[in-house]
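Quick notes on the structure that follows.
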Amino acid sequence: MPRKVVQGPIRDKEKTKQKLLAAVGKILRVKGYSGLKVSKIAAVAGFDKKLIYEYFGSTDKLIDEYIKSQDYWTKFNQTEDVDLSDGGQELSKIAVLNQFENLKKNKELQKIILWELSESKPILRKLVEQREEVGDVLFQHITDPHFGEDATRYRAIMALIISGAYYLNLYTGYNANKFCGIDMKTDEGRAEIEKAIVELIDFAYAKK
């Protein structure tokens with residue numbers, strides 16, 4: 001017998017919060033970050049703006065919660081299902097390949113990354129710091145012990161690979177189809193980039 005869903009203050013509050021978060025995403029996707037005003041968010045969600053303050057404390061905290069829900073790296077946690085006896089080689093591939101694909105699909109996250117590059121705001125700095133914290137845990141506990149005195153070199157290689165994965169998605173998403181003659185709008189073109197990512201990570205481990 002299906003479980004009966006009971007309406008009530010707690011359930012209604014959660015539904016309202018989710019609608020407010022969804023409104024942030026819709027505005028970000030259509031209007032960009034300049035459209036994220038308290039009255040606009042409330043109107044798109046279909047609620048009085050006082051609920052934003054009641055449930056989140058402020059507009060910034062609402063936006064902050066939405067941003068964290070979209071960011072790939074702050075949610076990354078795949079170490080449980082990956083054999084780490086290779087010093088993080090396979091995990092590194094999985095992490096970057098998934099990031100590359102995730103950013104292609106997530107237009108809201110693309111807007112957030114562009115926002116980070118164009119403005120300096122506490123909520124954006126906080127997100128950047130959280131990403132760094134997640135990355136540092138992975139480096140310190142998995143790849144740094146494997147590479148030893150070459151740990152910083154590997155971090156530098158990953159910095160180039162990860163930033164490249166960001167840039168290729170943003171560049172081809174907004175301005176062009178091709179980069180270095182590779183059509184990033186095709187599965188074949190993206191597959192070539194994915195193969196290059198794997199080869200670069202394998203090369204870094206082979207040089208250990």
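The chains in the structure tokens are called A, B, ... from first to last as shown; in each chain the residues are counted from 1, and the ligands are counted from 1 in the order shown.
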Backbone-only DSSP, strand (DSSP E or B) members of segment 58-201 of chain A, as a PyMOL selection string: chain A and resi 178-179+182-183
Excluding same-chain residues fewer than 4 positions from Tyr55 of chain A, what lies within 10 Å of it counting only C-alpha atoms, as JSON, numbers by chain? {"A": [13, 14, 16, 17, 20, 50, 51, 61, 62]}
Using only C-alpha atoms, which residues sit within 9 Å of segment 158-166 of chain A once same-chain residues fewer than 3 positions away are excluded, as number ranges by chain? A: 92, 96-97, 99-101, 103, 110, 113, 153-155, 169-171, 193, 197, 200-201
Have a look at atom CA of Arg125 of chain A and atom CA of Ser58 of chain A and let me know their distance in Å, one decimal.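 We find that atom CA of Arg125 of chain A and atom CA of Ser58 of chain A lie 17.4 Å from each other.
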Can you pull out the residues contacting Met184 of chain A? Cut-off 9 Å, using only C-alpha atoms, and skip same-chain residues under 5 positions away; I want them as a list in words. Leu168, Asn169, Thr172, Gly173, Ala176, Asn177, Lys178, Phe179, Gly189, Arg190 and Ile193 of chain A
Find the residue from A:Thr143, A:Ser34, A:Asn102, A:Gln18 that sits nearest to Tyr66 of chain A; use only C-alpha atoms when measuring.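 The answer is A:Gln18, which sits nearest to Tyr66 of chain A.
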Using DSSP assignments from the backbone, pull out every residue in chain A that falls under alpha helix (DSSP H) and give it to me as an NGL selection string. :A and (9-30 or 38-45 or 50-56 or 59-70 or 89-105 or 107-118 or 122-138 or 144-147 or 151-174 or 187-206)
Please dump the current selection as a short mmCIF file (atom, residue, chain, number, x, y, z; two decimals), in the first residue's frame; keep C-alpha atoms.
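Printed below is result10.cif as written:
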data_model
loop_
_atom_site.label_atom_id
_atom_site.label_comp_id
_atom_site.auth_asym_id
_atom_site.auth_seq_id
_atom_site.Cartn_x
_atom_site.Cartn_y
_atom_site.Cartn_z
CA PRO A 9 4.19 23.07 8.07
CA ILE A 10 7.49 21.15 7.73
CA ARG A 11 6.66 19.69 4.31
CA ASP A 12 5.25 22.99 3.05
CA LYS A 13 8.34 24.86 4.25
CA GLU A 14 10.63 22.45 2.39
CA LYS A 15 8.56 22.73 -0.80
CA THR A 16 8.69 26.52 -0.56
CA LYS A 17 12.46 26.48 -0.04
CA GLN A 18 12.92 24.26 -3.08
CA LYS A 19 10.76 26.57 -5.21
CA LEU A 20 12.82 29.57 -4.09
CA LEU A 21 16.05 27.75 -4.93
CA ALA A 22 14.61 26.75 -8.32
CA ALA A 23 13.70 30.39 -8.94
CA VAL A 24 17.32 31.40 -8.41
CA GLY A 25 18.37 28.83 -11.02
CA LYS A 26 15.77 29.98 -13.53
CA ILE A 27 16.75 33.62 -13.20
CA LEU A 28 20.45 32.80 -13.40
CA ARG A 29 19.89 30.76 -16.56
CA VAL A 30 17.69 33.35 -18.31
CA VAL A 38 15.01 39.65 -3.90
CA SER A 39 11.78 40.91 -5.50
CA LYS A 40 12.50 39.07 -8.76
CA ILE A 41 13.31 35.79 -7.00
CA ALA A 42 10.11 36.02 -4.95
CA ALA A 43 8.03 36.83 -8.02
CA VAL A 44 9.41 33.93 -10.07
CA ALA A 45 8.85 31.54 -7.15
CA LYS A 50 9.49 37.87 3.38
CA LEU A 51 9.69 34.06 3.09
CA ILE A 52 13.24 34.41 1.72
CA TYR A 53 14.28 36.13 4.93
CA GLU A 54 12.24 33.75 7.09
CA TYR A 55 13.63 30.54 5.55
CA PHE A 56 17.15 31.59 4.49
CA THR A 59 18.99 36.83 -0.27
CA ASP A 60 22.74 36.17 -0.20
CA LYS A 61 22.23 33.05 1.92
CA LEU A 62 19.56 31.80 -0.48
CA ILE A 63 21.89 32.36 -3.45
CA ASP A 64 24.76 30.79 -1.51
CA GLU A 65 22.74 27.63 -0.87
CA TYR A 66 21.75 27.43 -4.53
CA ILE A 67 25.34 27.90 -5.73
CA LYS A 68 26.61 25.15 -3.42
CA SER A 69 23.89 22.80 -4.69
CA GLN A 70 25.15 23.26 -8.26
CA GLN A 89 45.36 7.82 -10.85
CA GLU A 90 41.93 6.37 -11.65
CA LEU A 91 40.19 8.77 -9.26
CA SER A 92 41.83 11.74 -10.99
CA LYS A 93 40.53 10.60 -14.36
CA ILE A 94 37.01 10.02 -13.06
CA ALA A 95 36.94 13.37 -11.27
CA VAL A 96 38.05 15.49 -14.24
CA LEU A 97 36.07 13.60 -16.88
CA ASN A 98 32.91 13.94 -14.80
CA GLN A 99 33.62 17.63 -14.25
CA PHE A 100 34.07 18.12 -18.00
CA GLU A 101 30.71 16.48 -18.73
CA ASN A 102 28.89 18.05 -15.77
CA LEU A 103 29.77 21.59 -16.80
CA LYS A 104 28.60 20.99 -20.35
CA LYS A 105 25.12 20.03 -19.11
CA LYS A 107 24.07 25.92 -17.78
CA GLU A 108 23.46 27.43 -14.35
CA LEU A 109 26.93 26.37 -13.20
CA GLN A 110 28.39 27.94 -16.35
CA LYS A 111 26.73 31.21 -15.33
CA ILE A 112 28.14 30.85 -11.81
CA ILE A 113 31.69 30.33 -13.12
CA LEU A 114 31.35 33.40 -15.36
CA TRP A 115 30.04 35.35 -12.37
CA GLU A 116 33.10 34.30 -10.34
CA LEU A 117 35.36 35.61 -13.10
CA SER A 118 33.64 38.98 -13.40
CA PRO A 122 31.80 37.14 -0.44
CA ILE A 123 29.45 34.34 -1.51
CA LEU A 124 31.63 33.62 -4.56
CA ARG A 125 34.90 33.76 -2.58
CA LYS A 126 33.34 31.34 -0.11
CA LEU A 127 32.54 28.91 -2.92
CA VAL A 128 36.08 29.13 -4.28
CA GLU A 129 37.48 28.45 -0.80
CA GLN A 130 35.18 25.44 -0.38
CA ARG A 131 36.38 24.03 -3.72
CA GLU A 132 39.98 24.47 -2.62
CA GLU A 133 39.27 22.71 0.66
CA VAL A 134 37.78 19.70 -1.12
CA GLY A 135 40.69 19.58 -3.55
CA ASP A 136 43.25 19.93 -0.81
CA VAL A 137 41.81 16.96 1.07
CA LEU A 138 42.10 14.82 -2.06
CA ASP A 144 50.59 13.92 -2.39
CA PRO A 145 51.74 10.75 -0.57
CA HIS A 146 52.06 8.97 -3.93
CA PHE A 147 54.11 11.69 -5.63
CA ALA A 151 53.45 16.43 -5.39
CA THR A 152 53.42 20.12 -6.33
CA ARG A 153 54.26 19.24 -9.93
CA TYR A 154 51.22 16.97 -10.08
CA ARG A 155 49.03 19.68 -8.54
CA ALA A 156 50.24 22.06 -11.25
CA ILE A 157 49.38 19.54 -13.97
CA MET A 158 45.91 19.06 -12.50
CA ALA A 159 45.43 22.84 -12.29
CA LEU A 160 46.03 23.11 -16.03
CA ILE A 161 43.78 20.15 -16.86
CA ILE A 162 40.89 21.27 -14.64
CA SER A 163 41.04 24.90 -15.75
CA GLY A 164 41.17 23.72 -19.36
CA ALA A 165 38.05 21.64 -18.83
CA TYR A 166 36.31 24.73 -17.45
CA TYR A 167 37.45 27.02 -20.24
CA LEU A 168 36.62 24.72 -23.16
CA ASN A 169 33.04 24.36 -21.94
CA LEU A 170 32.59 28.08 -21.34
CA TYR A 171 34.27 29.18 -24.58
CA THR A 172 32.38 26.82 -26.84
CA GLY A 173 29.16 27.31 -24.89
CA TYR A 174 29.10 31.06 -25.53
CA ASP A 187 30.54 13.91 -29.49
CA GLU A 188 33.65 13.11 -31.54
CA GLY A 189 35.31 16.40 -30.63
CA ARG A 190 34.58 16.05 -26.93
CA ALA A 191 35.79 12.45 -27.01
CA GLU A 192 39.17 13.68 -28.29
CA ILE A 193 39.45 16.06 -25.33
CA GLU A 194 38.48 13.29 -22.93
CA LYS A 195 41.17 11.01 -24.38
CA ALA A 196 43.71 13.82 -24.00
CA ILE A 197 42.74 14.28 -20.33
CA VAL A 198 43.30 10.57 -19.67
CA GLU A 199 46.63 10.60 -21.53
CA LEU A 200 47.90 13.64 -19.60
CA ILE A 201 47.04 12.09 -16.24
CA ASP A 202 48.61 8.77 -17.26
CA PHE A 203 51.71 10.66 -18.41
CA ALA A 204 51.98 12.43 -15.05
CA TYR A 205 51.85 9.11 -13.22
CA ALA A 206 54.28 7.48 -15.64
#
Report the distance between atom CA of Gln140 of chain A and atom CA of Gly88 of chain A in Å, rounded to one decimal place.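 Distance between the two atoms: 11.1 Å.
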